[in-house]
>>> print(open('protein-v1.cif').read())   # mmCIF, C-alpha atoms
data_my_file
loop_
_atom_site.label_atom_id
_atom_site.label_comp_id
_atom_site.auth_asym_id
_atom_site.auth_seq_id
_atom_site.Cartn_x
_atom_site.Cartn_y
_atom_site.Cartn_z
CA MET L 24 60.08 35.18 12.81
CA THR L 25 59.14 34.25 9.25
CA HIS L 26 61.98 32.63 7.35
CA GLY L 27 62.60 33.17 3.68
CA ALA L 28 63.07 30.10 1.54
CA GLY L 29 66.39 28.47 2.19
CA THR L 30 67.34 30.60 5.18
CA ARG L 31 67.63 29.94 8.85
CA GLN L 32 67.98 31.97 12.01
CA GLY L 33 70.63 31.19 14.62
CA ALA L 34 71.64 32.29 18.08
CA GLY L 35 75.31 32.12 18.84
CA THR L 36 75.90 34.32 21.89
CA PRO L 37 74.16 35.12 25.17
CA ARG L 38 72.86 38.30 23.47
CA GLN L 39 70.96 36.23 20.92
CA ILE L 40 72.62 37.49 17.77
CA ALA L 41 70.47 36.37 14.85
CA TRP L 42 71.34 35.84 11.22
CA LEU L 43 70.25 34.42 7.88
CA THR L 44 72.24 31.96 5.82
CA PRO L 45 71.89 31.41 2.07
CA GLY L 46 69.73 28.62 0.72
CA TRP L 47 72.29 27.50 -1.83
CA ASP L 48 74.06 24.25 -2.64
CA ALA L 49 77.53 25.45 -1.65
CA PRO L 50 80.37 23.17 -0.49
CA GLY L 51 80.89 22.79 3.24
CA ASN L 52 84.00 24.98 3.32
CA VAL L 53 81.97 28.01 2.17
CA HIS L 54 80.52 30.09 5.02
CA ALA L 55 78.11 33.00 4.68
CA TRP L 56 75.98 35.11 7.01
CA SER L 57 73.60 38.04 6.74
CA THR L 58 72.96 39.57 10.14
CA LEU L 59 69.62 40.73 11.52
CA ARG L 60 69.34 43.84 13.68
CA GLY L 61 68.92 42.23 17.09
CA GLY L 62 71.30 41.06 19.79
CA GLY L 63 73.78 43.91 19.92
CA PHE L 64 74.78 46.73 22.26
CA SER L 65 73.68 49.87 20.40
CA ALA L 66 70.88 52.14 21.61
CA GLU L 67 68.14 53.75 19.51
CA PRO L 68 68.07 54.64 16.70
CA PHE L 69 70.81 52.06 16.09
CA ALA L 70 69.33 49.30 18.23
CA SER L 71 70.88 47.01 18.51
CA LEU L 72 73.39 45.13 16.31
CA ASN L 73 74.61 48.09 14.29
CA LEU L 74 77.89 47.16 12.60
CA ALA L 75 78.71 50.49 10.92
CA GLN L 76 81.16 53.05 12.27
CA HIS L 77 80.04 55.87 9.96
CA VAL L 78 76.37 56.36 10.96
CA GLY L 79 76.77 58.31 14.23
CA ASP L 80 76.59 55.43 16.68
CA ASP L 81 78.86 55.24 19.74
CA PRO L 82 82.15 53.78 18.40
CA GLU L 83 82.63 51.65 21.52
CA ARG L 84 79.23 50.05 21.03
CA VAL L 85 80.02 49.35 17.39
CA ARG L 86 83.31 47.71 18.40
CA ALA L 87 81.40 45.58 20.91
CA ASN L 88 78.90 44.60 18.22
CA ARG L 89 81.67 43.60 15.83
CA ALA L 90 83.35 41.56 18.54
CA ALA L 91 80.06 39.82 19.29
CA LEU L 92 79.64 39.03 15.61
CA ARG L 93 83.15 37.58 15.39
CA ALA L 94 82.41 35.32 18.35
CA ALA L 95 78.95 34.23 17.20
CA ALA L 96 80.03 33.46 13.64
CA HIS L 97 83.38 31.96 14.67
CA LEU L 98 85.04 34.22 12.15
CA PRO L 99 88.63 33.28 11.32
CA ALA L 100 89.66 36.97 11.19
CA GLU L 101 88.39 40.53 11.29
CA PRO L 102 86.33 41.19 8.14
CA LEU L 103 87.67 43.51 5.48
CA TRP L 104 85.28 46.41 6.10
CA LEU L 105 84.81 48.68 3.07
CA GLU L 106 84.14 52.36 2.52
CA GLN L 107 81.10 51.89 0.29
CA VAL L 108 80.34 54.61 -2.27
CA HIS L 109 77.62 53.11 -4.53
CA GLY L 110 80.19 52.34 -7.21
CA ILE L 111 81.45 49.25 -8.99
CA ASP L 112 84.98 48.83 -7.67
CA VAL L 113 85.79 45.33 -6.42
CA VAL L 114 88.67 44.68 -4.03
CA GLU L 115 90.41 41.31 -3.83
CA HIS L 116 91.09 40.42 -0.21
CA VAL L 117 94.66 39.19 -0.24
CA GLY L 118 95.93 40.72 3.00
CA ALA L 119 96.97 38.96 6.17
CA PRO L 120 93.79 37.26 7.42
CA ALA L 121 94.38 38.13 11.07
CA LEU L 122 94.52 41.88 10.48
CA ALA L 123 91.86 44.45 9.65
CA ALA L 124 92.66 47.12 7.08
CA ALA L 125 93.84 50.30 8.80
CA VAL L 126 92.01 52.34 6.14
CA PRO L 127 88.94 50.66 4.64
CA PRO L 128 89.25 50.31 0.84
CA ARG L 129 86.85 52.43 -1.21
CA ALA L 130 84.87 49.71 -2.94
CA ASP L 131 81.41 48.19 -3.09
CA ALA L 132 82.36 44.54 -3.46
CA ALA L 133 85.06 42.16 -2.32
CA VAL L 134 86.25 38.72 -3.42
CA THR L 135 88.75 36.27 -2.07
CA PHE L 136 90.31 33.01 -3.23
CA ALA L 137 92.08 32.14 0.03
CA PRO L 138 90.78 30.55 3.25
CA GLY L 139 90.55 32.69 6.37
CA ARG L 140 89.82 36.04 4.72
CA VAL L 141 86.38 37.46 5.45
CA CYS L 142 84.65 39.64 2.85
CA VAL L 143 81.79 41.90 4.00
CA VAL L 144 79.39 44.61 2.88
CA MET L 145 76.93 46.61 4.99
CA THR L 146 73.37 47.48 3.99
CA ALA L 147 70.11 48.98 5.27
CA ASP L 148 67.84 48.78 2.17
CA CYS L 149 70.44 48.27 -0.56
CA LEU L 150 70.83 44.73 -1.85
CA PRO L 151 73.66 42.52 -0.57
CA ALA L 152 74.62 39.72 -2.96
CA LEU L 153 76.75 36.71 -2.06
CA PHE L 154 78.70 34.57 -4.52
CA THR L 155 80.62 31.31 -4.49
CA ASP L 156 81.54 28.64 -7.00
CA ARG L 157 80.44 25.02 -6.96
CA ALA L 158 83.97 23.90 -6.14
CA GLY L 159 84.26 26.13 -3.07
CA THR L 160 87.41 27.89 -4.27
CA ARG L 161 86.23 31.52 -4.12
CA VAL L 162 83.64 33.77 -2.51
CA GLY L 163 82.46 37.31 -3.09
CA VAL L 164 80.00 39.82 -1.71
CA ALA L 165 78.57 42.95 -3.33
CA HIS L 166 76.65 46.03 -2.17
CA ALA L 167 74.02 46.88 -4.79
CA GLY L 168 71.62 49.74 -4.37
CA TRP L 169 69.90 51.01 -7.48
CA ARG L 170 72.90 53.15 -8.43
CA GLY L 171 75.29 50.22 -8.10
CA LEU L 172 72.95 47.93 -10.03
CA ALA L 173 72.66 50.46 -12.84
CA ALA L 174 76.43 50.97 -12.91
CA GLY L 175 77.15 47.23 -13.04
CA VAL L 176 78.47 46.25 -9.62
CA LEU L 177 77.10 42.71 -9.88
CA GLU L 178 78.67 42.17 -13.29
CA ALA L 179 81.96 43.58 -11.99
CA THR L 180 81.89 41.15 -9.07
CA VAL L 181 81.19 38.21 -11.37
CA ALA L 182 84.15 39.22 -13.53
CA ALA L 183 86.42 39.61 -10.48
CA LEU L 184 85.64 36.05 -9.38
CA ARG L 185 87.46 34.77 -12.51
CA CYS L 186 85.26 31.73 -12.91
CA PRO L 187 82.89 30.48 -15.62
CA PRO L 188 79.63 32.20 -14.66
CA ASP L 189 77.63 29.00 -14.99
CA GLN L 190 79.71 27.58 -12.14
CA LEU L 191 78.75 30.39 -9.77
CA LEU L 192 76.03 30.36 -7.13
CA ALA L 193 74.49 33.68 -6.08
CA TRP L 194 72.22 34.58 -3.15
CA LEU L 195 70.31 37.83 -2.86
CA GLY L 196 70.17 39.00 0.74
CA PRO L 197 67.62 41.24 2.46
CA ALA L 198 66.84 44.52 0.69
CA ILE L 199 63.94 46.92 0.33
CA GLY L 200 61.12 45.13 -1.48
CA PRO L 201 59.13 46.26 -4.51
CA LEU L 202 56.04 47.22 -2.50
CA ALA L 203 58.14 49.68 -0.47
CA PHE L 204 60.71 51.00 -2.95
CA GLU L 205 59.19 53.99 -4.74
CA VAL L 206 61.33 55.80 -7.32
CA GLY L 207 60.93 58.51 -9.91
CA ALA L 208 60.73 58.15 -13.67
CA GLU L 209 64.41 59.11 -13.99
CA VAL L 210 65.49 55.91 -12.19
CA ARG L 211 63.31 53.79 -14.46
CA GLU L 212 64.68 55.55 -17.54
CA GLU L 213 68.25 54.86 -16.46
CA PHE L 214 67.54 51.13 -16.32
CA LEU L 215 65.63 51.19 -19.61
CA ARG L 216 68.66 52.76 -21.27
CA LEU L 217 70.68 49.78 -20.07
CA ASN L 218 68.14 47.24 -21.31
CA PRO L 219 64.50 47.75 -22.34
CA ASP L 220 63.61 44.43 -20.70
CA ASN L 221 64.19 46.08 -17.31
CA ALA L 222 60.76 47.71 -17.71
CA ALA L 223 59.23 44.59 -16.17
CA ALA L 224 60.89 45.47 -12.84
CA PHE L 225 58.93 48.75 -12.51
CA GLN L 226 55.23 49.15 -11.75
CA ARG L 227 53.55 52.54 -12.03
CA ASN L 228 51.77 53.54 -8.81
CA PRO L 229 48.75 55.84 -8.26
CA ALA L 230 51.08 58.78 -7.52
CA GLY L 231 52.54 58.55 -11.02
CA ARG L 232 55.83 57.24 -9.73
CA TYR L 233 57.19 53.67 -9.86
CA GLN L 234 57.62 50.73 -7.53
CA ALA L 235 61.05 49.30 -8.32
CA ASP L 236 62.01 45.66 -7.80
CA LEU L 237 65.71 45.53 -6.92
CA TYR L 238 65.59 41.75 -6.78
CA ALA L 239 64.22 41.48 -10.31
CA LEU L 240 66.79 43.95 -11.61
CA ALA L 241 69.57 41.95 -9.92
CA ARG L 242 68.35 38.66 -11.35
CA ARG L 243 68.25 40.16 -14.83
CA ALA L 244 71.76 41.57 -14.47
CA LEU L 245 73.08 38.23 -13.24
CA ALA L 246 71.36 36.33 -16.03
CA ARG L 247 72.94 38.64 -18.61
CA ALA L 248 76.31 37.99 -16.92
CA GLY L 249 75.77 34.23 -17.31
CA VAL L 250 74.96 33.36 -13.68
CA GLN L 251 72.26 30.69 -13.79
CA HIS L 252 71.89 29.71 -10.13
CA VAL L 253 70.36 32.54 -8.08
CA THR L 254 68.41 32.16 -4.84
CA GLY L 255 67.08 34.49 -2.14
CA GLY L 256 65.40 37.81 -2.77
CA ASP L 257 62.25 37.35 -0.70
CA ARG L 258 62.60 39.78 2.23
CA CYS L 259 61.84 43.48 2.70
CA THR L 260 63.99 45.58 5.00
CA GLN L 261 61.52 48.45 5.02
CA ARG L 262 58.44 46.42 5.97
CA GLU L 263 60.12 43.97 8.39
CA SER L 264 61.13 46.48 11.07
CA GLY L 265 61.69 43.85 13.76
CA ASP L 266 64.43 42.15 11.77
CA PHE L 267 66.10 44.80 9.64
CA PHE L 268 67.44 48.35 9.64
CA SER L 269 65.95 50.49 6.86
CA TYR L 270 67.42 53.79 5.69
CA ARG L 271 64.14 54.88 4.09
CA ARG L 272 61.85 53.80 6.89
CA ASP L 273 64.03 55.32 9.61
CA GLY L 274 64.60 58.68 7.94
CA GLY L 275 68.26 58.09 7.12
CA ARG L 276 69.40 57.67 10.75
CA THR L 277 69.72 53.97 11.41
CA GLY L 278 72.18 51.09 11.74
CA ARG L 279 73.57 48.68 9.19
CA MET L 280 73.42 44.92 8.81
CA ALA L 281 76.43 42.98 7.53
CA THR L 282 76.58 40.27 4.88
CA LEU L 283 79.75 38.21 5.03
CA ALA L 284 81.44 35.32 3.23
CA TRP L 285 84.64 33.37 3.85
CA LEU L 286 86.33 30.07 3.07
CA SER L 287 87.73 27.49 5.41
CA PRO L 288 90.26 24.95 4.11
CA PRO L 289 88.47 22.24 2.09
CA CYS L 290 88.15 18.84 3.71
CA ALA L 291 90.87 16.43 2.73
#
>>> encode(input="protein-v1.cif", output="structure tokens")
Amino acid sequence: MTHGAGTRQGAGTPRQIAWLTPGWDAPGNVHAWSTLRGGGFSAEPFASLNLAQHVGDDPERVRANRAALRAAAHLPAEPLWLEQVHGIDVVEHVGAPALAAAVPPRADAAVTFAPGRVCVVMTADCLPALFTDRAGTRVGVAHAGWRGLAAGVLEATVAALRCPPDQLLAWLGPAIGPLAFEVGAEVREEFLRLNPDNAAAFQRNPAGRYQADLYALARRALARAGVQHVTGGDRCTQRESGDFFSYRRDGGRTGRMATLAWLSPPCA
């Protein structure tokens, strides 16, 4: 497969689970993955590493996929799976690291300051964003579709990390790219109301609608929040069908990838 800048693919189980890792200058105790769609147990239209329980897939297959992910990534605990609602709420993962939440929190981002707690979001066209600080003392992950971007989910995650923004590193994971993401004028107007400079992230197409660049909108939001070190943002979930689920491409019935981050104890 074609690798984006600063990413790599790995295979950690006999089922060839594949993933991307951020191209960022994070300390060694910071761990982060963004899964690809292959190597799991799910059948079409969720083939094959679907990690979402809410999309209509066989729950047993999803549990098997999550177990395979835990083994391949050597996760220290079950991730804190969220009930994502395209909002801006950020949950701090402070629970017992060995236990999964009985009821997923309603939130679209998670942060943690403690080793052994795994933060995760799921996507299939929306933008996953990973965060850490240069000292390796905190990590965060956010789910940012256009509604979340417009509402300020990235800025809320930066604030929840309680760190000078210029000390943060951010990585933009796989999302629908600007050549594939067509939106109406009302979406563009919402972003222009936030900041007129966002106009540069929209290109009018021959149909009179707009091609929206989620990556550009995210970079602008992060820059306004003071985050200076941003990498990633060079994949397209809609166009790269062999690697990614895509809600738009697959007519709304598809699986979800997971983007995860966690800390291990820093080296002495």
>>> closest_atom_pairs(input="protein-v1.cif", of="stretch 153-257 of chain L", to="stretch 57-76 of chain L", cutoff="12 Å", atoms="only C-alpha atoms", output="JSON lines")
{"residue": "L:Leu153", "atom": "CA", "partner": "L:Ser57", "partner_atom": "CA", "distance": 9.4}
{"residue": "L:Val164", "atom": "CA", "partner": "L:Ser57", "partner_atom": "CA", "distance": 10.7}
{"residue": "L:Trp194", "atom": "CA", "partner": "L:Ser57", "partner_atom": "CA", "distance": 10.6}
{"residue": "L:Leu195", "atom": "CA", "partner": "L:Ser57", "partner_atom": "CA", "distance": 10.2}
{"residue": "L:Gly196", "atom": "CA", "partner": "L:Ser57", "partner_atom": "CA", "distance": 7.0}
{"residue": "L:Pro197", "atom": "CA", "partner": "L:Ser57", "partner_atom": "CA", "distance": 8.0}
{"residue": "L:Ala198", "atom": "CA", "partner": "L:Ser57", "partner_atom": "CA", "distance": 11.1}
{"residue": "L:Gly255", "atom": "CA", "partner": "L:Ser57", "partner_atom": "CA", "distance": 11.6}
>>> closest_residue(input="protein-v1.cif", among="L:Pro138, L:Gly163, L:Gly51, L:Gly200", to="L:Arg258", atoms="only C-alpha atoms")
L:Gly200
>>> closest_residue(input="protein-v1.cif", among="L:Gln190, L:Thr282, L:Gln261, L:Thr277", to="L:Thr44", atoms="all atoms listed in the file")
L:Thr282
>>> resolve_selection(input="protein-v1.cif", expression="the PyMOL selection byres ((chain L and resi 56) around 12)", output="tab-separated table (two decimals) with C-alpha atoms, keeping the file's coordinate frame")
chain	number	residue	atom	x	y	z
L	30	THR	CA	67.34	30.60	5.18
L	31	ARG	CA	67.63	29.94	8.85
L	32	GLN	CA	67.98	31.97	12.01
L	33	GLY	CA	70.63	31.19	14.62
L	40	ILE	CA	72.62	37.49	17.77
L	41	ALA	CA	70.47	36.37	14.85
L	42	TRP	CA	71.34	35.84	11.22
L	43	LEU	CA	70.25	34.42	7.88
L	44	THR	CA	72.24	31.96	5.82
L	45	PRO	CA	71.89	31.41	2.07
L	46	GLY	CA	69.73	28.62	0.72
L	53	VAL	CA	81.97	28.01	2.17
L	54	HIS	CA	80.52	30.09	5.02
L	55	ALA	CA	78.11	33.00	4.68
L	57	SER	CA	73.60	38.04	6.74
L	58	THR	CA	72.96	39.57	10.14
L	59	LEU	CA	69.62	40.73	11.52
L	92	LEU	CA	79.64	39.03	15.61
L	93	ARG	CA	83.15	37.58	15.39
L	95	ALA	CA	78.95	34.23	17.20
L	96	ALA	CA	80.03	33.46	13.64
L	97	HIS	CA	83.38	31.96	14.67
L	98	LEU	CA	85.04	34.22	12.15
L	141	VAL	CA	86.38	37.46	5.45
L	142	CYS	CA	84.65	39.64	2.85
L	143	VAL	CA	81.79	41.90	4.00
L	144	VAL	CA	79.39	44.61	2.88
L	145	MET	CA	76.93	46.61	4.99
L	151	PRO	CA	73.66	42.52	-0.57
L	152	ALA	CA	74.62	39.72	-2.96
L	153	LEU	CA	76.75	36.71	-2.06
L	154	PHE	CA	78.70	34.57	-4.52
L	164	VAL	CA	80.00	39.82	-1.71
L	194	TRP	CA	72.22	34.58	-3.15
L	195	LEU	CA	70.31	37.83	-2.86
L	196	GLY	CA	70.17	39.00	0.74
L	197	PRO	CA	67.62	41.24	2.46
L	280	MET	CA	73.42	44.92	8.81
L	281	ALA	CA	76.43	42.98	7.53
L	282	THR	CA	76.58	40.27	4.88
L	283	LEU	CA	79.75	38.21	5.03
L	284	ALA	CA	81.44	35.32	3.23
L	285	TRP	CA	84.64	33.37	3.85
>>> closest_residue(input="protein-v1.cif", among="L:Ala208, L:Gly110, L:Gly231, L:Glu115", to="L:Val176", atoms="all atoms listed in the file")
L:Gly110
>>> closest_residue(input="protein-v1.cif", among="L:Gly139, L:Arg89, L:Leu172, L:Arg84", to="L:Glu213", atoms="only C-alpha atoms")
L:Leu172
>>> residues_around(input="protein-v1.cif", residues="stretch 210-212 of chain L", least_positions_apart="2", cutoff="9 Å", atoms="all atoms listed in the file", output="number ranges by chain")
L: 169-170, 206-208, 214-217, 221-222, 224-225, 233, 235
>>> atom_distance(input="protein-v1.cif", atom1="atom CA of L:Gly171", atom2="atom CA of L:Ala130")
10.9 Å
